[in-house]
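Heads up, the thing below is written out as structure tokens.
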Amino acid sequence: MAWGLPPLAVLLLLAVIVAPLSSAVRPVSDAHRSAAAELFTAFPDGSLGDLETTYEAVSTFKILGVQKDKSLDGKACKLASDTLSSSSSSAKDLFHAARISGVLGCSIDAGVYDDVASRLKAVIKDTNSLQEFYYSVGGLLSLKEQGHSVVLSDADSIFHAIKALSQSDGRWRYDTNSAESSTFAAGIALEALAGVVSLSDAEVDPSMIGVVKNDIVKLFGTIKSYDDGTFYFDEKNVDASEYKGPITTSASVVRGFTSFANAVSGKLNIPGEKILGLAKFFLGIGLPGSAKDCFNQIKSLSLLENNSVFVPLILSLPSKVLSLTSKDQLKVEVTTVFGSAAPPLRVNLVQVLGSDSKVITADKELQYDVDNNVHYLDIDALKIDVGKYSLVFEISLQDPEHETVYTTGGRNTETVIVTGLIKVDKAEIGIAENDAGTSESVEKLDLLKDKQISLSANHLQKLHLSFQLATPLGRTFKPHQVFLKLKHESGVEHLFVVPGSARQFKIVLDFLGLVEKFYYLSGRYDLELSVGDASMENSFLRALGRLELDLPEPSEKAPRPPAQAVDPLAKFAPQKEISHIFRVPEKRPPKEVSLAFTGLTLLPFIGFLIGLMRLGVNLKNFPSLPGPAAFASLFHAGIGAVLLLYVLFWVKLDLFTTLKYLGFLSVFLVFVGHRALSYLSSTSTKQKTA
């Protein structure tokens with residue numbers, strides 16, 4: 001079967017195979033810090049944007065420990081101070097400004113805080129909007145966390161007012177007029193309720209606390225999941241204008257349930273594997289593409305790192321590609337989401353599943369390296385061959401008390417690729433004369449060395465190519481790509497898949513049946529074999545040699561070869577060297593003859609000088625007055641310039657350039673010559689009259 005794939009497509013197949021391993025879940029690292037510094041970029045005026053964006057930036061920087069320009073903190077504090085002092089600021093603006101002040105520790109006058117607190121309490125008293133409750137209560141809680149005395153005396157009624165917007169499935173409405181409920185709204189509702197509990201001067205109704213805890217359990221009943229144990233929240237049946245997306249929605253719920261869990265007594269009945277799944281979801285984002293996603297990711301992970309329900313412990317592999325040749329160790333790290341060390345625990349490899357889901361080995365405990373905080377195991381002990389495997393780990397905490405604090409999620413499955421050197425044996429290539437396969441010429445090939453062969457065939461013959469592949473343990477190996485490419489000297493390419501059975505890979509090209517696919521193009525074909533796999537360390541793209549193929553002449557209806565793409569830069573490439581032989585120059589006269597004739601050309605000039613001497617040429621009549629003398633001098637200089645122009649015409653200038661300059665000199669000579677001759681004529685007339 002011939003494929004019209006470009007050469008690059010062959011290389012891309014390996015990238016597709018390895019790509020899923022690049023999305024490994026790893027704790028927060030310096031890469032996240034660099035991403036945050038790039039995403040939250042200051043505007044030309046030095047600010048970080050509006051109040052909400054500014055809070056998200058300074059909060060993310062503080063969590064990650066990113067050091068930014070001190071002037072940014074000053075501008076952010078000024079923005080917060082101006083907003084808090086303004087009487088026209090909305091509850092939302094006051095909420096974000098108070099949080100900016102809390103993160104940066106801005107110096108705000110106590111009187112300003114008193115005024116803000118009274119304004120936010122007034123909003124709470126008059127609103128039935130969940131978002132207004134959220135902004136107002138959140139702003140008051142931020143003031144309290146900064147040391148300002150804030151108390152809600154009617155906390156029970158506020159709690160009931162917010163709870164009245166809840167639904168039976170654990171989600172919330174934005175206000176009493178909303179027909180649809182929202183998962184995102186549930187998150188901000190729980191965060192607002194936690195703020196009410198924290199600001200209350202008395203204990204909030206325990207029965208209502210219990211009802212909200214039950215709502216949280218119902219809310220987690222709507223959580224969605226992937227097969228790898230990742231959990232996330234998403235909206236259900238909401239308008240497009242209200243849809244927030246999984247990252248924003250999940251972040252809202254995380255902020256809500258962690259805030260509520262920290263504000264009330266007793267533990268929430270949330271399964272540990274779902275909290276761990278949320279952590280995997282946010283870590284699985286990798287490096288976010290927007291500032292909003294970056295804040296939601298880092299803020300959510302920081303809350304999960306220190307929440308009072310369960311602290312998720314992340315199992316990750318520093319490397320998911322292990323080499324049998326290098327005898328790599330299987331290394332496993334178990335940390336919190338920010339990479340902090342986990343409590344004492346054991347890591348067991350309970351199963352190794354091959355690509356066919358067959359259990360290869362089981363139940364091996366990994367050793368612990370205290371210095372590097374890594375659990376490890378020699379892969380030789382697994383007795384596994386090259387290929388792709390699913391490793392099933394089980395984490396057990398050594399201290400039973402830690403089981404109420406941390407969650408490991410039970411069993412964790414990670415995918416690895418084990419690589420090694422593949423044995424390439426019994427490679428042969430030849431031309432067969434008939435259907436029985438009797439070969440006229442068979443040559444041995446060493447596919448791991450650059451050795452090229454030369455073959456010739458016609459349309460009645462067949463090309464045979466065969467070789468064997470085996471793994472380091474001597475087992476059958478079937479790589480993901482085995483291609484034979486024939487490239488005609490005109491640039492037309494043909495790609496064939498080399499089929500394999502057991503260890504043998506063999507292809508037979510019957511040129512009689514391929515003449516149309518080859519477009520009846522006779523001539524030289526370059527043979528190239530590519531064998532590659534993600535687990536094959538010695539994948540190769542090898543030039544086998546050349547094939548001189550003689551095909552019959554095409555008929556009128558025969559398909560024509562496709563037009564080859566022309567490189568637009570080819571015309572700028574170095575051109576072929578032009579070889580040119582000049583004609584033999586004609587025979588020249590002897591040097592003495594040339595010199596003699598050159599001397600003869602000077603005779604007229606010598607005769608001219610002699611004539612001047614015989615005529616008695618002198619300068620007696622040269623004008624003595626300054627004006628006439630100047631014109632006479634210019635006239636003689638012009639004559640000299642004309643003579644010099646004749647010389648330049650002889651050695652350098654062309655005829656048209658010479659005539660152009662001669663025209664200018666002629667006008668000049670006519671003018672100055674006329675003045676000089678006029679003076680001489682008038683002088684001569686005066687002498688005759690005298």
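If you're wondering about the labels, chains in the structure tokens are A, B, ... by order shown, residues count from 1 in each chain, ligands from 1 in order shown.
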### Task
Select from range 155-335 of chain A everything DSSP, run on the backbone, classes as strand (DSSP E), then give the selection as a ChimeraX atom specification.
/A:224-225,231-232,311-312,314-316,321-323,329-335
### Message
Which residues are near Leu463 in chain A? Cut-off 6 Å, only C-alpha atoms, ignore same chain within fewer than 5 positions. Put them as number ranges by chain.
### Response
A: 430-431, 508-509
Based on the selection just made, write N, CA and C atoms of those residues as a JSON list (two decimals), in the first residue's frame.
```
[["chain", "number", "residue", "atom", "x", "y", "z"],
["A", 430, "GLY", "N", 16.80, -8.11, -2.49],
["A", 430, "GLY", "CA", 17.12, -8.73, -3.76],
["A", 430, "GLY", "C", 16.04, -8.52, -4.79],
["A", 431, "ILE", "N", 16.34, -8.95, -6.01],
["A", 431, "ILE", "CA", 15.42, -8.85, -7.14],
["A", 431, "ILE", "C", 15.01, -10.26, -7.54],
["A", 508, "VAL", "N", 7.31, -7.28, -0.57],
["A", 508, "VAL", "CA", 7.59, -7.64, -1.96],
["A", 508, "VAL", "C", 6.89, -6.62, -2.85],
["A", 509, "LEU", "N", 7.66, -5.94, -3.67],
["A", 509, "LEU", "CA", 7.11, -4.94, -4.59],
["A", 509, "LEU", "C", 7.09, -5.54, -6.00]]
```
### Message
Let me make sure I understand: among A:Ala31, A:Val617, A:Ile360, A:Leu445, which one has the smallest atom-to-atom distance to Leu287 in chain A if we use only C-alpha atoms?
### Response
A:Ala31
### Message
Just list as an MDAnalysis selection string whatever in range 117-189 of chain A DSSP marks as alpha helix (DSSP H).
### Response
chainID A and resid 117:126 130:145 155:163 183:189
### Query
Neighbours of range 180-185 of chain A within 7 Å (only C-alpha atoms; same-chain residues fewer than 3 positions away dropped), as a PyMOL selection string?
chain A and resi 171-174+188-189+234-235+238+249+252-253
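Pairwise distance (CA of Glu203 in chain A, CA of Gly187 in chain A) equals 22.4 Å.
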Using 12 Å as the limit and counting only C-alpha atoms, can you tabulate each residue of range 520-585 of chain A that touches range 325-343 of chain A, with its shortest atom-to-atom distance in Å and the two atoms involved, as JSON lines?
```
{"residue": "A:Ser535", "atom": "CA", "partner": "A:Thr325", "partner_atom": "CA", "distance": 11.4}
{"residue": "A:Met536", "atom": "CA", "partner": "A:Thr325", "partner_atom": "CA", "distance": 10.8}
{"residue": "A:Glu537", "atom": "CA", "partner": "A:Thr325", "partner_atom": "CA", "distance": 8.7}
{"residue": "A:Asn538", "atom": "CA", "partner": "A:Thr325", "partner_atom": "CA", "distance": 10.9}
```
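In this structure, CA of Leu366 in chain A sits 21.3 Å away from CA of Gly387 in chain A.
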### Query
Using only C-alpha atoms, which residues sit within 7 Å of range 307-324 of chain A once same-chain residues fewer than 4 positions away are excluded, as a PyMOL selection string?
chain A and resi 21+25-26+258+261-262+267-268+272+275-276+279+303+328+331-337+342+405-408+416-420
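Taking CA of Phe608 in chain A and CA of Tyr646 in chain A as the two end points, the separation is 17.1 Å.
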### Query
So which residues touch range 126-137 of chain A within 9 Å, counting only C-alpha atoms, skipping near sequence neighbours fewer than 2 positions away, as a ChimeraX atom specification?
/A:91-96,117,119-124,139-142,158,161-162,165,172-176,185,188-189,191-193,195-196,199
### Task
Go through A:Phe656, A:Phe231, A:Phe631, A:Phe393 and flag the residue nearest Ala251 in chain A, using only C-alpha atoms for the distances.
A:Phe231
